[in-house]
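Printed here is input-v4.cif (mmCIF, C-alpha atoms):
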```
data_start
loop_
_atom_site.group_PDB
_atom_site.id
_atom_site.type_symbol
_atom_site.label_atom_id
_atom_site.label_comp_id
_atom_site.auth_asym_id
_atom_site.auth_seq_id
_atom_site.Cartn_x
_atom_site.Cartn_y
_atom_site.Cartn_z
ATOM 1 C CA MET A 1 97.331 115.699 102.353
ATOM 2 C CA VAL A 2 97.125 112.364 104.171
ATOM 3 C CA LEU A 3 95.601 110.524 101.237
ATOM 4 C CA VAL A 4 97.807 111.890 98.442
ATOM 5 C CA PRO A 5 100.749 109.434 98.820
ATOM 6 C CA ILE A 6 98.355 106.557 99.483
ATOM 7 C CA VAL A 7 96.247 107.220 96.371
ATOM 8 C CA TYR A 8 99.395 107.834 94.322
ATOM 9 C CA SER A 9 100.952 104.563 95.514
ATOM 10 C CA TYR A 10 97.731 102.709 94.735
ATOM 11 C CA VAL A 11 97.860 103.975 91.141
ATOM 12 C CA VAL A 12 101.530 102.917 90.901
ATOM 13 C CA SER A 13 100.632 99.463 92.233
ATOM 14 C CA VAL A 14 97.926 99.078 89.586
ATOM 15 C CA VAL A 15 100.242 100.203 86.781
ATOM 16 C CA THR A 16 103.119 97.967 87.944
ATOM 17 C CA HIS A 17 100.841 95.015 88.838
ATOM 18 C CA GLU A 18 102.105 95.040 92.436
ATOM 19 C CA ARG A 19 99.788 94.110 95.303
ATOM 20 C CA PHE A 20 98.849 97.355 97.036
ATOM 21 C CA LEU A 21 98.546 96.159 100.635
ATOM 22 C CA ILE A 22 100.587 92.984 100.795
ATOM 23 C CA ASP A 23 99.695 91.851 104.308
ATOM 24 C CA ARG A 24 97.991 93.208 107.416
ATOM 25 C CA PRO A 25 101.126 94.153 109.451
ATOM 26 C CA THR A 26 102.539 96.052 106.468
ATOM 27 C CA ALA A 27 99.205 97.749 105.820
ATOM 28 C CA VAL A 28 98.813 98.869 109.451
ATOM 29 C CA ALA A 29 102.419 100.122 109.744
ATOM 30 C CA THR A 30 102.191 101.906 106.393
ATOM 31 C CA MET A 31 98.925 103.699 107.166
ATOM 32 C CA LYS A 32 100.120 104.796 110.623
ATOM 33 C CA ARG A 33 103.372 106.194 109.292
ATOM 34 C CA HIS A 34 101.727 107.924 106.337
ATOM 35 C CA THR A 35 99.161 109.567 108.568
ATOM 36 C CA TRP A 36 101.652 110.727 111.202
ATOM 37 C CA SER A 37 104.090 112.149 108.634
ATOM 38 C CA ALA A 38 101.366 113.855 106.623
ATOM 39 C CA VAL A 39 99.779 115.499 109.655
ATOM 40 C CA ALA A 40 103.137 116.617 111.072
ATOM 41 C CA THR A 41 104.487 118.069 107.803
ATOM 42 C CA SER A 42 101.302 119.556 106.293
ATOM 43 C CA PRO A 43 101.899 123.092 107.650
ATOM 44 C CA LEU A 44 105.323 123.178 105.976
ATOM 45 C CA MET A 45 103.834 121.966 102.694
ATOM 46 C CA TRP A 46 101.047 124.560 102.776
ATOM 47 C CA GLY A 47 103.594 127.316 103.399
ATOM 48 C CA PHE A 48 105.739 126.060 100.536
ATOM 49 C CA PHE A 49 102.837 126.021 98.092
ATOM 50 C CA CYS A 50 101.722 129.507 99.165
ATOM 51 C CA TRP A 51 105.266 130.737 98.506
ATOM 52 C CA LEU A 52 105.371 128.987 95.104
ATOM 53 C CA LEU A 53 102.091 130.597 94.102
ATOM 54 C CA ASP A 54 103.190 134.111 95.098
ATOM 55 C CA PRO A 55 101.980 136.431 92.288
ATOM 56 C CA ALA A 56 105.445 137.927 91.665
ATOM 57 C CA ARG A 57 106.982 134.458 91.383
ATOM 58 C CA VAL A 58 104.195 133.288 89.064
ATOM 59 C CA ALA A 59 104.686 136.370 86.841
ATOM 60 C CA ALA A 60 108.461 135.762 86.591
ATOM 61 C CA ALA A 61 107.899 132.110 85.682
ATOM 62 C CA ALA A 62 105.307 133.001 83.039
ATOM 63 C CA GLU A 63 107.962 134.851 81.016
ATOM 64 C CA LEU A 64 110.047 131.708 80.483
ATOM 65 C CA SER A 65 110.048 129.944 77.115
ATOM 66 C CA PRO A 66 109.459 126.172 76.943
ATOM 67 C CA GLY A 67 113.175 125.680 76.175
ATOM 68 C CA GLN A 68 114.182 127.686 79.242
ATOM 69 C CA CYS A 69 111.706 125.692 81.325
ATOM 70 C CA ALA A 70 113.140 122.392 80.076
ATOM 71 C CA VAL A 71 116.707 123.427 80.949
ATOM 72 C CA ARG A 72 115.603 124.671 84.363
ATOM 73 C CA TRP A 73 113.629 121.457 84.960
ATOM 74 C CA VAL A 74 116.767 119.377 84.362
ATOM 75 C CA LEU A 75 118.756 121.669 86.671
ATOM 76 C CA TYR A 76 115.973 121.330 89.241
ATOM 77 C CA LEU A 77 116.111 117.533 88.938
ATOM 78 C CA LEU A 78 119.900 117.451 89.391
ATOM 79 C CA SER A 79 119.899 119.822 92.358
ATOM 80 C CA ALA A 80 116.993 117.986 94.023
ATOM 81 C CA ASP A 81 118.858 114.710 93.543
ATOM 82 C CA PHE A 82 121.959 116.251 95.144
ATOM 83 C CA PHE A 83 119.932 117.520 98.130
ATOM 84 C CA PHE A 84 118.239 114.123 98.454
ATOM 85 C CA TYR A 85 121.611 112.366 98.470
ATOM 86 C CA MET A 86 123.006 114.733 101.114
ATOM 87 C CA GLY A 87 119.873 114.401 103.251
ATOM 88 C CA HIS A 88 119.886 110.613 102.985
ATOM 89 C CA ARG A 89 123.571 110.506 103.953
ATOM 90 C CA LEU A 90 122.754 112.701 106.947
ATOM 91 C CA LEU A 91 119.949 110.338 107.982
ATOM 92 C CA HIS A 92 122.407 107.429 107.949
ATOM 93 C CA THR A 93 124.597 109.025 110.632
ATOM 94 C CA SER A 94 124.492 107.044 113.848
ATOM 95 C CA TYR A 95 122.075 109.156 115.903
ATOM 96 C CA LEU A 96 119.592 110.028 113.152
ATOM 97 C CA TYR A 97 119.545 106.481 111.793
ATOM 98 C CA THR A 98 118.926 104.966 115.221
ATOM 99 C CA HIS A 99 116.226 107.418 116.291
ATOM 100 C CA HIS A 100 114.472 108.332 113.045
ATOM 101 C CA HIS A 101 115.458 106.579 109.821
ATOM 102 C CA ARG A 102 115.793 102.932 110.856
ATOM 103 C CA ALA A 103 112.011 102.413 110.810
ATOM 104 C CA HIS A 104 112.030 103.171 107.063
ATOM 105 C CA HIS A 105 114.383 100.204 106.565
ATOM 106 C CA GLU A 106 112.164 97.757 108.483
ATOM 107 C CA PHE A 107 110.438 96.935 105.200
ATOM 108 C CA LYS A 108 112.176 94.093 103.341
ATOM 109 C CA THR A 109 111.740 92.209 100.092
ATOM 110 C CA VAL A 110 112.607 88.899 101.755
ATOM 111 C CA THR A 111 109.718 86.446 102.146
ATOM 112 C CA GLY A 112 108.588 85.961 105.727
ATOM 113 C CA THR A 113 109.651 89.350 107.090
ATOM 114 C CA GLN A 114 107.406 91.240 109.463
ATOM 115 C CA LEU A 115 106.922 94.215 107.117
ATOM 116 C CA THR A 116 106.977 93.674 103.373
ATOM 117 C CA MET A 117 108.421 96.056 100.773
ATOM 118 C CA ASN A 118 105.981 97.770 98.422
ATOM 119 C CA SER A 119 105.601 101.108 96.639
ATOM 120 C CA LEU A 120 104.105 102.737 99.726
ATOM 121 C CA VAL A 121 107.397 102.314 101.611
ATOM 122 C CA ALA A 122 108.947 105.300 99.840
ATOM 123 C CA ASN A 123 106.744 107.548 101.971
ATOM 124 C CA CYS A 124 106.856 105.587 105.244
ATOM 125 C CA LEU A 125 109.017 108.088 107.031
ATOM 126 C CA SER A 126 109.154 109.828 110.370
ATOM 127 C CA PRO A 127 108.319 113.539 110.193
ATOM 128 C CA LEU A 128 112.035 114.400 110.427
ATOM 129 C CA ASP A 129 112.745 111.918 107.619
ATOM 130 C CA MET A 130 109.967 113.471 105.568
ATOM 131 C CA VAL A 131 111.432 116.954 105.972
ATOM 132 C CA VAL A 132 115.110 116.037 105.432
ATOM 133 C CA GLU A 133 114.636 113.445 102.704
ATOM 134 C CA GLY A 134 111.273 114.295 101.209
ATOM 135 C CA LEU A 135 110.445 117.979 101.458
ATOM 136 C CA LEU A 136 113.778 119.813 101.524
ATOM 137 C CA PRO A 137 115.202 118.151 98.399
ATOM 138 C CA VAL A 138 112.051 119.156 96.542
ATOM 139 C CA MET A 139 111.774 122.636 98.080
ATOM 140 C CA LEU A 140 115.368 123.888 98.182
ATOM 141 C CA PRO A 141 115.935 123.928 94.399
ATOM 142 C CA SER A 142 112.877 126.160 94.000
ATOM 143 C CA VAL A 143 114.688 128.868 95.976
ATOM 144 C CA LEU A 144 117.292 129.054 93.200
ATOM 145 C CA ILE A 145 115.348 127.895 90.152
ATOM 146 C CA VAL A 146 112.115 129.589 89.102
ATOM 147 C CA LEU A 147 109.732 127.376 87.127
ATOM 148 C CA PRO A 148 106.047 127.674 86.218
ATOM 149 C CA PHE A 149 103.887 125.778 88.699
ATOM 150 C CA SER A 150 102.839 123.241 86.049
ATOM 151 C CA TRP A 151 106.506 122.330 85.467
ATOM 152 C CA MET A 152 107.096 122.100 89.224
ATOM 153 C CA TYR A 153 104.040 119.877 89.579
ATOM 154 C CA ALA A 154 105.378 117.666 86.783
ATOM 155 C CA TYR A 155 108.588 117.348 88.795
ATOM 156 C CA PHE A 156 106.630 116.444 91.962
ATOM 157 C CA LEU A 157 104.827 113.680 90.047
ATOM 158 C CA PHE A 158 108.097 112.427 88.567
ATOM 159 C CA HIS A 159 109.755 112.481 92.006
ATOM 160 C CA GLY A 160 106.903 110.517 93.594
ATOM 161 C CA LEU A 161 106.884 107.959 90.782
ATOM 162 C CA TRP A 162 110.667 107.578 90.979
ATOM 163 C CA LEU A 163 110.576 106.972 94.751
ATOM 164 C CA SER A 164 107.810 104.397 94.295
ATOM 165 C CA ILE A 165 109.768 102.583 91.602
ATOM 166 C CA ILE A 166 113.060 102.395 93.511
ATOM 167 C CA HIS A 167 111.357 101.084 96.610
#
```

Could I get this structure in the form of structure tokens?
Amino acid sequence: MVLVPIVYSYVVSVVTHERFLIDRPTAVATMKRHTWSAVATSPLMWGFFCWLLDPARVAAAAELSPGQCAVRWVLYLLSADFFFYMGHRLLHTSYLYTHHHRAHHEFKTVTGTQLTMNSLVANCLSPLDMVVEGLLPVMLPSVLIVLPFSWMYAYFLFHGLWLSIIH
């Protein structure tokens, strides 16, 4: 789990012609934050994937037509975006911003800053950040919207790519 966002961000950096590890302070901060968040949130992710792969859920999703899957995928995208927005707003309240989310904003695009912005920054979050802003927006829609795992995985890839692009 630790290497997934790092490998993914490396591929994005190659595709977008962005330097992967811009400078040493950014590289060290990025790797520490990725590792800590991945280790702390891995049990939640494993539980989520076990729930997604429940045989009854898989059987219900298998009965969907491609058209139904496409409509549900769009609904999933919109609801995940709503949950992300609400979670991000929550993280910008005074206490949560000061104690958890501010570190994510230490990365800047301005030349000469201590930590430089790159595609890895999208996943440089505290474990609470990762749950509120990363995992819940992706997991909560799946409670309401059943999709085949391949369609869900396509959404996870899209979500990761989108976060890398906007950061």

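A straight line drawn from atom CA of A:Arg72 to atom CA of A:Ile145 is 6.6 Å long.
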
What residues come out when you apply the PyMOL selection byres ((chain A and resi 128) around 9) to this file, written as a PDB file with C-alpha atoms, keeping the file's coordinate frame?
```pdb
ATOM      1  CA  SER A  37     104.090 112.149 108.634  1.00  0.00           C
ATOM      2  CA  THR A  41     104.487 118.069 107.803  1.00  0.00           C
ATOM      3  CA  HIS A 100     114.472 108.332 113.045  1.00  0.00           C
ATOM      4  CA  HIS A 101     115.458 106.579 109.821  1.00  0.00           C
ATOM      5  CA  LEU A 125     109.017 108.088 107.031  1.00  0.00           C
ATOM      6  CA  SER A 126     109.154 109.828 110.370  1.00  0.00           C
ATOM      7  CA  PRO A 127     108.319 113.539 110.193  1.00  0.00           C
ATOM      8  CA  ASP A 129     112.745 111.918 107.619  1.00  0.00           C
ATOM      9  CA  MET A 130     109.967 113.471 105.568  1.00  0.00           C
ATOM     10  CA  VAL A 131     111.432 116.954 105.972  1.00  0.00           C
ATOM     11  CA  VAL A 132     115.110 116.037 105.432  1.00  0.00           C
ATOM     12  CA  GLU A 133     114.636 113.445 102.704  1.00  0.00           C
TER      13      GLU A 133
END
```

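All polymer residues at most 9 Å from (113.1, 119.4, 99.2), using all atoms listed in the file, appear as A:Ala80, A:Phe83, A:Phe84, A:Val131, A:Val132, A:Glu133, A:Gly134, A:Leu135, A:Leu136, A:Pro137, A:Val138, A:Met139, A:Leu140, A:Pro141, A:Ser142.
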
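With atom CA of A:Gly47 on one side and atom CA of A:Phe156 on the other, the separation reads 16.1 Å.
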
Please expand the PyMOL selection byres ((chain A and resi 39) around 12) into the concrete residues it hits in this file, giving the result as an MDAnalysis selection string. chainID A and resid 1:4 32:38 40:46 126:127 130

How many Å separate atom CA of A:Ala70 from atom CA of A:Gly87? 25.4 Å

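Of the listed residues A:Trp151, A:Tyr85, A:Trp51, A:Tyr97, the one whose atoms come nearest to A:Gln68 is A:Trp151, with distances taken using only C-alpha atoms.
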
As JSON: centre and edge lengths in Å, one decimal, of the axis-aligned box holding stretch 134-152 of chain A with 4 Å per side:
```
{"center_x": 110.1, "center_y": 121.9, "center_z": 93.5, "size_x": 22.5, "size_y": 23.3, "size_z": 24.1}
```

Residues selected by the PyMOL selection byres ((chain A and resi 148) around 8), written as a compact mmCIF listing (two decimals) with C-alpha atoms, keeping the file's coordinate frame:
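Done, and the output landed in selection.txt:
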```txt
# COMPACT_ATOMS: atom_id res chain seq x y z
CA VAL A 58 104.20 133.29 89.06
CA ALA A 61 107.90 132.11 85.68
CA ALA A 62 105.31 133.00 83.04
CA CYS A 69 111.71 125.69 81.32
CA VAL A 146 112.12 129.59 89.10
CA LEU A 147 109.73 127.38 87.13
CA PHE A 149 103.89 125.78 88.70
CA SER A 150 102.84 123.24 86.05
CA TRP A 151 106.51 122.33 85.47
CA MET A 152 107.10 122.10 89.22
```
